[in-house]
Structures are given as structure tokens and as C-alpha cells.
Amino acid sequence: MSKTKDNHYVPQWYQRGFLLNNSNQLHYLDLTPDIKPLPNGRAITLDYKKPNPRPTSQCFFKTNLYTTFFGDYINDDIERKLFGKIDDTGAKAVKAFISEDISEWHNNFSSFFSYIDSQKIRTPKGLHWIKNHYPDLDQVELMV
């Protein structure tokens with residue numbers, strides 16, 4: 001099985017909820033645009049003030065955000081087993097709260113808030129906040 005390297009901190013199912021009509025792309029504003037080297041040695045930053053259409057697979061992800069490394073061994077269990085499960089139950093919970101079936105709200109109450117809570121800390125900004133408060137953590141300890 002191939003390892004997941006591009007870790008979406010906003011699940012693609014959630015992103016698709018913001019697509020208009022039959023579109024399959026979001027208008028994504030990249031705050032860290034590519035830098036293009038010029039032949040004269042200078043470099044220019046590509047325009048980042050203009051949103052670019054991108055599929056959800058290319059939005060709100062960071063490579064190896066949740067990946068842990070043990071020597072040459074790459075482990076993506078955090079993405080697949082932890083956030084995968086949270087995302088699956090979160091998707092079901094969000095759909096329940098969109099509906100008018102109050103019994104489904106009740107059945108998915110805890111899952112909904114577990115999903116919302118995980119969203120706060122799983123972003124690069126949230127993980128950076130933890131790392132700032134506990135600077136001695138390595139990647140494995142941060143993921144634990």
C-alpha cells in the first residue's frame with residue numbers, strides 16, 4: 001500500500017461542500033506562492049493576490065504534515081487511522097446536522113464536536129501553536 005504524503009488538514013469532502021453548481025474546483029488563494037528564478041539571478045514571487053482555480057486535491061494540504069519517520073521507515077498511521085476515522089465520522093455528523101432529522105443530531109452530537117475539535121489542532125497553524133508551547137517535541141512526540 002502506498003503511503004499518504006499529502007496530508008489534507010481540511011478534508012476534501014468538506015471542501016466539496018463549498019463548490020458552486022457543477023464545479024470541481026475551488027478558487028484557492030495560495031499565501032505561499034512559488035518563487036520563479038530569473039536568468040539574471042533575481043527571483044520573483046508569482047502573484048498570490050489572485051485566487052487560482054484548483055481541485056480539492058490541491059487545496060489545504062501540506063506534504064508530510066502528519067508523517068512520522070523511523071529511520072528509512074515512513075509511517076502514515078496518523079493520517080489514515082486517526083484523522084481518517086475522525087473525518088469519516090465527522091462527514092456523517094455534518095450531514096446529520098445539515099438535515100432536519102433531530103434524532104440524527106442527537107446520534108451524531110459527540111462525533112460532530114470531536115470533528116470540530118480536531119480541526120483546530122490539525123492545521124499547520126494549530127500544530128505550530130503546540131510546537132511553540134512545547135518546543136522540545138520532535139515530529140513523533142508532536143503526533144502523539
# chains A, B, ... in the order shown; residues from 1 in each chain; ligands from 1
>>> residues_around(residues="Asn108 in chain A", least_positions_apart="3", cutoff="10 Å", atoms="only C-alpha atoms", output="ChimeraX atom specification")
/A:89-90,92-97,102-105,111-114
>>> residues_around(residues="range 12-27 of chain A", least_positions_apart="6", cutoff="8 Å", atoms="only C-alpha atoms", output="VMD selection string")
chain A and resid 51 to 57 91
>>> select_by_dssp(residues="range 16-123 of chain A", states="strand (DSSP E)", output="count of residues only")
23
>>> residues_around(residues="Val140 in chain A", least_positions_apart="2", cutoff="9 Å", atoms="only C-alpha atoms", output="list of chain:residue names")
A:Tyr66, A:Thr67, A:Thr68, A:Phe69, A:Phe70, A:Leu137, A:Asp138, A:Leu142, A:Met143, A:Val144
>>> write_last_selection(atoms="C-alpha atoms", output="compact mmCIF listing (two decimals), in the first residue's frame")
# COMPACT_ATOMS: atom_id res chain seq x y z
CA TYR A 66 1.33 14.12 9.94
CA THR A 67 4.00 11.72 8.68
CA THR A 68 6.42 10.18 11.14
CA PHE A 69 9.79 8.78 10.19
CA PHE A 70 11.67 5.97 11.89
CA LEU A 137 8.79 17.89 20.86
CA ASP A 138 10.04 16.08 17.80
CA LEU A 142 4.01 16.05 18.38
CA MET A 143 1.85 13.48 16.61
CA VAL A 144 1.37 11.52 19.86
>>> closest_residue(among="A:Asp30, A:Asp6, A:Asp87, A:Glu100", to="Tyr115 in chain A", atoms="only C-alpha atoms")
A:Asp87
>>> select_by_dssp(residues="chain A", states="helix (DSSP H, G or I)", output="ChimeraX atom specification")
/A:12-16,56-58,77-98,102-107,109-122,124-133,139-143
>>> write_last_selection(atoms="C-alpha atoms", output="mmCIF file, in the first residue's frame")
data_model
loop_
_atom_site.group_PDB
_atom_site.id
_atom_site.type_symbol
_atom_site.label_atom_id
_atom_site.label_comp_id
_atom_site.auth_asym_id
_atom_site.auth_seq_id
_atom_site.Cartn_x
_atom_site.Cartn_y
_atom_site.Cartn_z
ATOM 1 C CA GLN A 12 -11.706 17.009 0.667
ATOM 2 C CA TRP A 13 -15.318 16.030 1.425
ATOM 3 C CA TYR A 14 -15.618 19.256 3.452
ATOM 4 C CA GLN A 15 -14.041 21.342 0.693
ATOM 5 C CA ARG A 16 -16.512 19.911 -1.844
ATOM 6 C CA THR A 56 -9.783 19.907 -3.789
ATOM 7 C CA SER A 57 -6.836 17.504 -4.032
ATOM 8 C CA GLN A 58 -4.567 20.561 -4.363
ATOM 9 C CA ASP A 77 -0.914 5.918 10.518
ATOM 10 C CA ILE A 78 -1.858 9.335 11.960
ATOM 11 C CA GLU A 79 -3.391 10.354 8.620
ATOM 12 C CA ARG A 80 -5.068 7.035 7.837
ATOM 13 C CA LYS A 81 -6.119 5.691 11.223
ATOM 14 C CA LEU A 82 -6.642 8.772 13.398
ATOM 15 C CA PHE A 83 -7.707 11.578 11.071
ATOM 16 C CA GLY A 84 -9.253 9.136 8.594
ATOM 17 C CA LYS A 85 -11.626 7.863 11.274
ATOM 18 C CA ILE A 86 -12.339 11.373 12.601
ATOM 19 C CA ASP A 87 -13.051 12.576 9.047
ATOM 20 C CA ASP A 88 -15.370 9.648 8.306
ATOM 21 C CA THR A 89 -17.434 10.140 11.463
ATOM 22 C CA GLY A 90 -17.222 13.928 11.009
ATOM 23 C CA ALA A 91 -18.644 13.696 7.491
ATOM 24 C CA LYS A 92 -21.562 11.661 8.785
ATOM 25 C CA ALA A 93 -22.105 14.101 11.660
ATOM 26 C CA VAL A 94 -22.006 17.197 9.444
ATOM 27 C CA LYS A 95 -24.539 15.609 7.074
ATOM 28 C CA ALA A 96 -26.741 14.817 10.075
ATOM 29 C CA PHE A 97 -26.680 18.431 11.282
ATOM 30 C CA ILE A 98 -27.493 19.705 7.796
ATOM 31 C CA ILE A 102 -33.301 15.856 15.129
ATOM 32 C CA SER A 103 -32.714 12.244 16.162
ATOM 33 C CA GLU A 104 -29.667 12.206 13.845
ATOM 34 C CA TRP A 105 -28.411 15.371 15.535
ATOM 35 C CA HIS A 106 -28.610 13.534 18.840
ATOM 36 C CA ASN A 107 -26.943 10.382 17.456
ATOM 37 C CA PHE A 109 -23.579 15.028 18.670
ATOM 38 C CA SER A 110 -20.275 13.728 20.094
ATOM 39 C CA SER A 111 -18.849 12.895 16.661
ATOM 40 C CA PHE A 112 -19.619 16.397 15.440
ATOM 41 C CA PHE A 113 -17.715 18.042 18.275
ATOM 42 C CA SER A 114 -14.819 15.575 18.064
ATOM 43 C CA TYR A 115 -14.500 16.554 14.411
ATOM 44 C CA ILE A 116 -14.656 20.300 15.175
ATOM 45 C CA ASP A 117 -12.108 19.924 17.987
ATOM 46 C CA SER A 118 -9.683 18.023 15.753
ATOM 47 C CA GLN A 119 -9.936 20.707 13.069
ATOM 48 C CA LYS A 120 -8.489 23.299 15.423
ATOM 49 C CA ILE A 121 -5.268 21.445 16.204
ATOM 50 C CA ARG A 122 -4.596 19.536 12.982
ATOM 51 C CA PRO A 124 -0.272 23.774 10.306
ATOM 52 C CA LYS A 125 -1.178 26.769 12.490
ATOM 53 C CA GLY A 126 -2.555 24.550 15.281
ATOM 54 C CA LEU A 127 0.433 22.208 15.206
ATOM 55 C CA HIS A 128 2.748 25.239 15.185
ATOM 56 C CA TRP A 129 0.960 26.564 18.295
ATOM 57 C CA ILE A 130 1.563 23.256 20.123
ATOM 58 C CA LYS A 131 5.193 23.220 18.981
ATOM 59 C CA ASN A 132 5.704 26.787 20.257
ATOM 60 C CA HIS A 133 4.380 25.817 23.688
ATOM 61 C CA GLN A 139 7.606 15.063 14.996
ATOM 62 C CA VAL A 140 6.733 11.709 16.595
ATOM 63 C CA GLU A 141 6.062 13.291 20.000
ATOM 64 C CA LEU A 142 4.010 16.055 18.376
ATOM 65 C CA MET A 143 1.850 13.478 16.612
#
